[in-house]
$ cat run-v4.cif   # mmCIF, N, CA and C atoms
data_final
#
loop_
_atom_site.label_atom_id
_atom_site.label_comp_id
_atom_site.auth_asym_id
_atom_site.auth_seq_id
_atom_site.Cartn_x
_atom_site.Cartn_y
_atom_site.Cartn_z
N MET A 562 82.48 -36.30 15.80
CA MET A 562 83.78 -35.73 16.07
C MET A 562 84.80 -36.36 15.16
N SER A 563 85.86 -35.68 14.92
CA SER A 563 86.92 -36.19 14.05
C SER A 563 87.76 -37.23 14.79
N PHE A 564 88.46 -38.02 14.02
CA PHE A 564 89.37 -39.01 14.60
C PHE A 564 90.41 -38.32 15.46
N HIS A 565 90.96 -37.21 14.97
CA HIS A 565 91.99 -36.48 15.71
C HIS A 565 91.45 -36.02 17.07
N ASP A 566 90.22 -35.48 17.07
CA ASP A 566 89.59 -35.04 18.32
C ASP A 566 89.36 -36.23 19.24
N ALA A 567 88.89 -37.34 18.68
CA ALA A 567 88.63 -38.54 19.49
C ALA A 567 89.91 -39.04 20.14
N LYS A 568 90.99 -39.03 19.38
CA LYS A 568 92.28 -39.48 19.90
C LYS A 568 92.78 -38.57 21.00
N GLY A 569 92.63 -37.29 20.82
CA GLY A 569 93.16 -36.32 21.78
C GLY A 569 92.38 -36.25 23.09
N ARG A 570 91.08 -36.55 23.03
CA ARG A 570 90.24 -36.43 24.25
C ARG A 570 89.50 -37.73 24.52
N PHE A 571 90.22 -38.85 24.41
CA PHE A 571 89.60 -40.16 24.51
C PHE A 571 88.88 -40.37 25.84
N GLY A 572 89.50 -40.00 26.93
CA GLY A 572 88.88 -40.18 28.25
C GLY A 572 87.57 -39.43 28.38
N GLN A 573 87.55 -38.21 27.90
CA GLN A 573 86.32 -37.41 27.95
C GLN A 573 85.23 -38.06 27.09
N HIS A 574 85.61 -38.58 25.94
CA HIS A 574 84.62 -39.21 25.06
C HIS A 574 84.09 -40.51 25.66
N LEU A 575 84.94 -41.21 26.41
CA LEU A 575 84.46 -42.41 27.11
C LEU A 575 83.40 -42.04 28.14
N ASP A 576 83.61 -40.95 28.84
CA ASP A 576 82.60 -40.48 29.81
C ASP A 576 81.30 -40.15 29.10
N THR A 577 81.39 -39.48 27.95
CA THR A 577 80.19 -39.14 27.18
C THR A 577 79.49 -40.40 26.71
N ALA A 578 80.28 -41.40 26.29
CA ALA A 578 79.70 -42.64 25.77
C ALA A 578 78.90 -43.39 26.83
N ARG A 579 79.16 -43.14 28.09
CA ARG A 579 78.36 -43.77 29.14
C ARG A 579 76.93 -43.24 29.14
N ARG A 580 76.75 -42.01 28.62
CA ARG A 580 75.42 -41.38 28.57
C ARG A 580 74.75 -41.50 27.21
N GLU A 581 75.57 -41.46 26.15
CA GLU A 581 75.02 -41.48 24.79
C GLU A 581 76.10 -41.95 23.83
N PRO A 582 75.70 -42.55 22.71
CA PRO A 582 76.69 -42.99 21.73
C PRO A 582 77.49 -41.81 21.17
N VAL A 583 78.76 -42.05 20.89
CA VAL A 583 79.66 -41.04 20.34
C VAL A 583 80.11 -41.52 18.96
N THR A 584 79.84 -40.74 17.93
CA THR A 584 80.23 -41.10 16.56
C THR A 584 81.59 -40.49 16.24
N ILE A 585 82.47 -41.31 15.67
CA ILE A 585 83.80 -40.85 15.29
C ILE A 585 83.86 -40.82 13.76
N GLU A 586 84.37 -39.71 13.24
CA GLU A 586 84.44 -39.53 11.79
C GLU A 586 85.90 -39.52 11.32
N CYS A 587 86.09 -39.93 10.10
CA CYS A 587 87.38 -39.83 9.44
C CYS A 587 87.14 -39.21 8.07
N HIS A 588 87.76 -38.09 7.83
CA HIS A 588 87.56 -37.34 6.58
C HIS A 588 86.08 -37.00 6.37
N GLY A 589 85.40 -36.66 7.47
CA GLY A 589 84.01 -36.22 7.40
C GLY A 589 82.99 -37.33 7.28
N ARG A 590 83.42 -38.59 7.30
CA ARG A 590 82.49 -39.72 7.20
C ARG A 590 82.47 -40.49 8.51
N PRO A 591 81.28 -40.87 9.00
CA PRO A 591 81.22 -41.68 10.22
C PRO A 591 81.85 -43.05 9.99
N VAL A 592 82.75 -43.45 10.90
CA VAL A 592 83.43 -44.74 10.75
C VAL A 592 83.29 -45.64 11.97
N ALA A 593 82.91 -45.06 13.11
CA ALA A 593 82.79 -45.87 14.33
C ALA A 593 81.85 -45.18 15.31
N VAL A 594 81.31 -45.99 16.20
CA VAL A 594 80.47 -45.47 17.27
C VAL A 594 80.96 -46.08 18.57
N VAL A 595 81.19 -45.25 19.56
CA VAL A 595 81.58 -45.70 20.89
C VAL A 595 80.34 -45.59 21.77
N LEU A 596 80.01 -46.70 22.44
CA LEU A 596 78.85 -46.67 23.33
C LEU A 596 79.16 -47.42 24.60
N SER A 597 78.32 -47.24 25.58
CA SER A 597 78.56 -47.87 26.88
C SER A 597 78.46 -49.39 26.76
N LYS A 598 79.11 -50.07 27.67
CA LYS A 598 79.06 -51.54 27.71
C LYS A 598 77.63 -52.01 27.91
N GLU A 599 76.87 -51.30 28.73
CA GLU A 599 75.48 -51.68 28.97
C GLU A 599 74.66 -51.58 27.68
N GLU A 600 74.85 -50.49 26.93
CA GLU A 600 74.13 -50.31 25.67
C GLU A 600 74.52 -51.40 24.67
N TYR A 601 75.81 -51.69 24.59
CA TYR A 601 76.31 -52.75 23.71
C TYR A 601 75.68 -54.09 24.07
N ASP A 602 75.68 -54.43 25.35
CA ASP A 602 75.09 -55.70 25.79
C ASP A 602 73.61 -55.76 25.47
N GLU A 603 72.90 -54.65 25.68
CA GLU A 603 71.47 -54.61 25.38
C GLU A 603 71.22 -54.83 23.89
N LEU A 604 72.00 -54.18 23.04
CA LEU A 604 71.84 -54.37 21.59
C LEU A 604 72.12 -55.81 21.19
N ASN A 605 73.16 -56.40 21.77
CA ASN A 605 73.45 -57.80 21.47
C ASN A 605 72.34 -58.72 21.94
N ASP A 606 71.76 -58.45 23.11
CA ASP A 606 70.65 -59.26 23.61
C ASP A 606 69.45 -59.17 22.66
N ILE A 607 69.16 -57.98 22.17
CA ILE A 607 68.05 -57.79 21.22
C ILE A 607 68.31 -58.59 19.96
N LYS A 608 69.53 -58.49 19.43
CA LYS A 608 69.87 -59.22 18.21
C LYS A 608 69.76 -60.73 18.43
N LEU A 609 70.22 -61.21 19.58
CA LEU A 609 70.17 -62.63 19.88
C LEU A 609 68.73 -63.12 20.01
N ARG A 610 67.87 -62.34 20.68
CA ARG A 610 66.45 -62.72 20.79
C ARG A 610 65.80 -62.78 19.42
N GLN A 611 66.12 -61.80 18.57
CA GLN A 611 65.55 -61.78 17.22
C GLN A 611 66.03 -62.98 16.42
N LEU A 612 67.30 -63.29 16.50
CA LEU A 612 67.85 -64.43 15.79
C LEU A 612 67.19 -65.73 16.25
N ARG A 613 67.04 -65.89 17.57
CA ARG A 613 66.39 -67.09 18.09
C ARG A 613 64.95 -67.21 17.61
N ALA A 614 64.23 -66.09 17.58
CA ALA A 614 62.84 -66.11 17.10
C ALA A 614 62.79 -66.51 15.63
N GLU A 615 63.72 -65.99 14.84
CA GLU A 615 63.73 -66.32 13.42
C GLU A 615 64.12 -67.78 13.19
N ILE A 616 65.04 -68.30 13.99
CA ILE A 616 65.41 -69.71 13.90
C ILE A 616 64.21 -70.58 14.28
N ASP A 617 63.54 -70.23 15.37
CA ASP A 617 62.35 -70.99 15.78
C ASP A 617 61.29 -70.99 14.68
N ALA A 618 61.07 -69.83 14.04
CA ALA A 618 60.09 -69.75 12.96
C ALA A 618 60.53 -70.62 11.78
N GLY A 619 61.80 -70.61 11.47
CA GLY A 619 62.32 -71.44 10.38
C GLY A 619 62.17 -72.92 10.68
N LEU A 620 62.46 -73.31 11.91
CA LEU A 620 62.29 -74.72 12.29
C LEU A 620 60.83 -75.14 12.22
N ALA A 621 59.94 -74.26 12.64
CA ALA A 621 58.51 -74.56 12.55
C ALA A 621 58.10 -74.73 11.08
N ASP A 622 58.62 -73.89 10.20
CA ASP A 622 58.35 -74.04 8.76
C ASP A 622 58.83 -75.39 8.26
N LEU A 623 60.03 -75.77 8.66
CA LEU A 623 60.57 -77.06 8.23
C LEU A 623 59.68 -78.21 8.70
N GLU A 624 59.24 -78.15 9.95
CA GLU A 624 58.38 -79.20 10.48
C GLU A 624 57.06 -79.31 9.72
N ARG A 625 56.56 -78.17 9.23
CA ARG A 625 55.31 -78.15 8.43
C ARG A 625 55.56 -78.55 6.99
N GLY A 626 56.83 -78.67 6.60
CA GLY A 626 57.15 -78.97 5.21
C GLY A 626 57.16 -77.74 4.33
N ALA A 627 57.16 -76.56 4.93
CA ALA A 627 57.15 -75.31 4.17
C ALA A 627 58.59 -74.84 3.95
N TYR A 628 59.19 -75.34 2.89
CA TYR A 628 60.54 -74.92 2.55
C TYR A 628 60.73 -75.03 1.05
N THR A 629 61.81 -74.44 0.56
CA THR A 629 62.13 -74.46 -0.87
C THR A 629 63.51 -75.07 -1.05
N ASP A 630 63.62 -76.00 -1.97
CA ASP A 630 64.92 -76.55 -2.32
C ASP A 630 65.59 -75.61 -3.32
N TYR A 631 66.85 -75.28 -3.07
CA TYR A 631 67.60 -74.41 -3.97
C TYR A 631 68.76 -75.19 -4.57
N ALA A 632 69.03 -74.93 -5.82
CA ALA A 632 70.22 -75.51 -6.47
C ALA A 632 71.45 -74.81 -5.90
N PRO A 633 72.56 -75.53 -5.75
CA PRO A 633 73.77 -74.91 -5.18
C PRO A 633 74.19 -73.63 -5.88
N GLU A 634 74.05 -73.56 -7.19
CA GLU A 634 74.48 -72.36 -7.90
C GLU A 634 73.58 -71.16 -7.63
N ALA A 635 72.38 -71.39 -7.08
CA ALA A 635 71.47 -70.29 -6.76
C ALA A 635 71.74 -69.68 -5.38
N LEU A 636 72.55 -70.36 -4.57
CA LEU A 636 72.76 -69.91 -3.19
C LEU A 636 73.45 -68.55 -3.07
N PRO A 637 74.47 -68.23 -3.87
CA PRO A 637 75.07 -66.88 -3.74
C PRO A 637 74.05 -65.77 -4.00
N LYS A 638 73.19 -65.93 -4.99
CA LYS A 638 72.18 -64.92 -5.27
C LYS A 638 71.17 -64.83 -4.12
N LEU A 639 70.80 -65.98 -3.57
CA LEU A 639 69.88 -66.00 -2.43
C LEU A 639 70.52 -65.30 -1.22
N ALA A 640 71.80 -65.54 -1.00
CA ALA A 640 72.49 -64.89 0.12
C ALA A 640 72.47 -63.38 -0.05
N GLU A 641 72.67 -62.89 -1.26
CA GLU A 641 72.62 -61.45 -1.50
C GLU A 641 71.22 -60.89 -1.23
N ARG A 642 70.19 -61.62 -1.62
CA ARG A 642 68.81 -61.17 -1.35
C ARG A 642 68.56 -61.10 0.15
N ILE A 643 69.05 -62.07 0.89
CA ILE A 643 68.87 -62.09 2.34
C ILE A 643 69.60 -60.90 2.97
N LYS A 644 70.83 -60.65 2.54
CA LYS A 644 71.60 -59.51 3.07
C LYS A 644 70.90 -58.19 2.76
N ALA A 645 70.41 -58.05 1.53
CA ALA A 645 69.72 -56.81 1.15
C ALA A 645 68.47 -56.61 1.98
N ALA A 646 67.72 -57.69 2.22
CA ALA A 646 66.51 -57.58 3.05
C ALA A 646 66.88 -57.19 4.48
N GLY A 647 67.97 -57.74 5.00
CA GLY A 647 68.42 -57.38 6.33
C GLY A 647 68.83 -55.92 6.43
N ARG A 648 69.56 -55.44 5.42
CA ARG A 648 69.96 -54.03 5.42
C ARG A 648 68.74 -53.13 5.34
N GLU A 649 67.76 -53.50 4.52
CA GLU A 649 66.53 -52.71 4.41
C GLU A 649 65.78 -52.70 5.74
N ARG A 650 65.71 -53.84 6.38
CA ARG A 650 65.01 -53.94 7.66
C ARG A 650 65.69 -53.08 8.71
N LEU A 651 67.02 -53.10 8.74
CA LEU A 651 67.76 -52.29 9.71
C LEU A 651 67.54 -50.80 9.46
N GLY A 652 67.42 -50.42 8.22
CA GLY A 652 67.19 -49.01 7.88
C GLY A 652 65.83 -48.52 8.33
N LYS A 653 64.85 -49.41 8.42
CA LYS A 653 63.49 -49.02 8.80
C LYS A 653 63.28 -48.99 10.31
N GLU A 654 64.13 -49.67 11.07
CA GLU A 654 63.93 -49.76 12.52
C GLU A 654 64.59 -48.65 13.26
#

$ encode --input "run-v4.cif" --output "structure tokens"
Amino acid sequence: MSFHDAKGRFGQHLDTARREPVTIECHGRPVAVVLSKEEYDELNDIKLRQLRAEIDAGLADLERGAYTDYAPEALPKLAERIKAAGRERLGKE
């Protein structure tokens, strides 16, 4: 729905968002999604569990000595690779 429509019928869209996510567009492009508090909490719980699992795996690697030392100047490029991998992973799920 357009931003103008979302603004004009906000209450109705909140009711819809309790059942399913509502996408809001601006100039024909999606810019926001309104979803129920329960759905939001569930998504955050999933993300938190995944983050904890990845941290645990990383700590286990460190304990085994399985890590790579990076030079400080290499860190921005590494950060971009990590972000790109995360975006790719999100696109596949």

$ residues_around --input "run-v4.cif" --residues "Gly589 (chain A)" --least-positions-apart "4" --cutoff "12 Å" --atoms "only C-alpha atoms" --output "VMD selection string"
chain A and resid 562 to 565 584 to 585 593

$ write_last_selection --input "run-v4.cif" --atoms "N, CA and C atoms" --output "PDB file, in the frame of the given file"
ATOM      1  N   MET A 562      82.480 -36.300  15.800  1.00  0.00           N
ATOM      2  CA  MET A 562      83.780 -35.730  16.070  1.00  0.00           C
ATOM      3  C   MET A 562      84.800 -36.360  15.160  1.00  0.00           C
ATOM      4  N   SER A 563      85.860 -35.680  14.920  1.00  0.00           N
ATOM      5  CA  SER A 563      86.920 -36.190  14.050  1.00  0.00           C
ATOM      6  C   SER A 563      87.760 -37.230  14.790  1.00  0.00           C
ATOM      7  N   PHE A 564      88.460 -38.020  14.020  1.00  0.00           N
ATOM      8  CA  PHE A 564      89.370 -39.010  14.600  1.00  0.00           C
ATOM      9  C   PHE A 564      90.410 -38.320  15.460  1.00  0.00           C
ATOM     10  N   HIS A 565      90.960 -37.210  14.970  1.00  0.00           N
ATOM     11  CA  HIS A 565      91.990 -36.480  15.710  1.00  0.00           C
ATOM     12  C   HIS A 565      91.450 -36.020  17.070  1.00  0.00           C
ATOM     13  N   THR A 584      79.840 -40.740  17.930  1.00  0.00           N
ATOM     14  CA  THR A 584      80.230 -41.100  16.560  1.00  0.00           C
ATOM     15  C   THR A 584      81.590 -40.490  16.240  1.00  0.00           C
ATOM     16  N   ILE A 585      82.470 -41.310  15.670  1.00  0.00           N
ATOM     17  CA  ILE A 585      83.800 -40.850  15.290  1.00  0.00           C
ATOM     18  C   ILE A 585      83.860 -40.820  13.760  1.00  0.00           C
ATOM     19  N   ALA A 593      82.910 -45.060  13.110  1.00  0.00           N
ATOM     20  CA  ALA A 593      82.790 -45.870  14.330  1.00  0.00           C
ATOM     21  C   ALA A 593      81.850 -45.180  15.310  1.00  0.00           C
TER      22      ALA A 593
END

$ atom_distance --input "run-v4.cif" --atom1 "atom C of Thr629 (chain A)" --atom2 "atom C of Gly647 (chain A)"
21.2 Å

$ atom_distance --input "run-v4.cif" --atom1 "atom N of Arg579 (chain A)" --atom2 "atom N of Val594 (chain A)"
12.4 Å

$ atom_distance --input "run-v4.cif" --atom1 "atom C of Ala614 (chain A)" --atom2 "atom N of Tyr628 (chain A)"
15.9 Å

$ resolve_selection --input "run-v4.cif" --expression "the PyMOL selection byres ((chain A and resi 596) around 8)" --output "PyMOL selection string"
chain A and resi 575+577-584+593-595+597-602

$ write_last_selection --input "run-v4.cif" --atoms "N, CA and C atoms" --output "tab-separated table (two decimals), in the coordinates of the input"
chain	number	residue	atom	x	y	z
A	575	LEU	N	84.94	-41.21	26.41
A	575	LEU	CA	84.46	-42.41	27.11
A	575	LEU	C	83.40	-42.04	28.14
A	577	THR	N	81.39	-39.48	27.95
A	577	THR	CA	80.19	-39.14	27.18
A	577	THR	C	79.49	-40.40	26.71
A	578	ALA	N	80.28	-41.40	26.29
A	578	ALA	CA	79.70	-42.64	25.77
A	578	ALA	C	78.90	-43.39	26.83
A	579	ARG	N	79.16	-43.14	28.09
A	579	ARG	CA	78.36	-43.77	29.14
A	579	ARG	C	76.93	-43.24	29.14
A	580	ARG	N	76.75	-42.01	28.62
A	580	ARG	CA	75.42	-41.38	28.57
A	580	ARG	C	74.75	-41.50	27.21
A	581	GLU	N	75.57	-41.46	26.15
A	581	GLU	CA	75.02	-41.48	24.79
A	581	GLU	C	76.10	-41.95	23.83
A	582	PRO	N	75.70	-42.55	22.71
A	582	PRO	CA	76.69	-42.99	21.73
A	582	PRO	C	77.49	-41.81	21.17
A	583	VAL	N	78.76	-42.05	20.89
A	583	VAL	CA	79.66	-41.04	20.34
A	583	VAL	C	80.11	-41.52	18.96
A	584	THR	N	79.84	-40.74	17.93
A	584	THR	CA	80.23	-41.10	16.56
A	584	THR	C	81.59	-40.49	16.24
A	593	ALA	N	82.91	-45.06	13.11
A	593	ALA	CA	82.79	-45.87	14.33
A	593	ALA	C	81.85	-45.18	15.31
A	594	VAL	N	81.31	-45.99	16.20
A	594	VAL	CA	80.47	-45.47	17.27
A	594	VAL	C	80.96	-46.08	18.57
A	595	VAL	N	81.19	-45.25	19.56
A	595	VAL	CA	81.58	-45.70	20.89
A	595	VAL	C	80.34	-45.59	21.77
A	597	SER	N	78.32	-47.24	25.58
A	597	SER	CA	78.56	-47.87	26.88
A	597	SER	C	78.46	-49.39	26.76
A	598	LYS	N	79.11	-50.07	27.67
A	598	LYS	CA	79.06	-51.54	27.71
A	598	LYS	C	77.63	-52.01	27.91
A	599	GLU	N	76.87	-51.30	28.73
A	599	GLU	CA	75.48	-51.68	28.97
A	599	GLU	C	74.66	-51.58	27.68
A	600	GLU	N	74.85	-50.49	26.93
A	600	GLU	CA	74.13	-50.31	25.67
A	600	GLU	C	74.52	-51.40	24.67
A	601	TYR	N	75.81	-51.69	24.59
A	601	TYR	CA	76.31	-52.75	23.71
A	601	TYR	C	75.68	-54.09	24.07
A	602	ASP	N	75.68	-54.43	25.35
A	602	ASP	CA	75.09	-55.70	25.79
A	602	ASP	C	73.61	-55.76	25.47

$ select_by_dssp --input "run-v4.cif" --residues "chain A" --states "strand (DSSP E)" --output "PyMOL selection string"
chain A and resi 583-587+590-595

$ closest_residue --input "run-v4.cif" --among "A:Ala646, A:Ala567, A:Ala640, A:Ala632" --to "Val592 (chain A)" --atoms "only C-alpha atoms"
A:Ala567

$ axis_aligned_box --input "run-v4.cif" --around "region 618-623 of chain A" --padding-each-side "8 Å" --output "lines of an AutoDock Vina configuration file"
center_x = 60.3
center_y = -74.0
center_z = 11.1
size_x = 20.4
size_y = 24.5
size_z = 21.8

$ select_by_dssp --input "run-v4.cif" --residues "chain A" --states "helix (DSSP H, G or I)" --output "PyMOL selection string"
chain A and resi 564-569+571-578+598-625+633-653

$ closest_residue --input "run-v4.cif" --among "A:Lys568, A:Glu615, A:Ala645, A:Leu620" --to "Glu586 (chain A)" --atoms "only C-alpha atoms"
A:Lys568
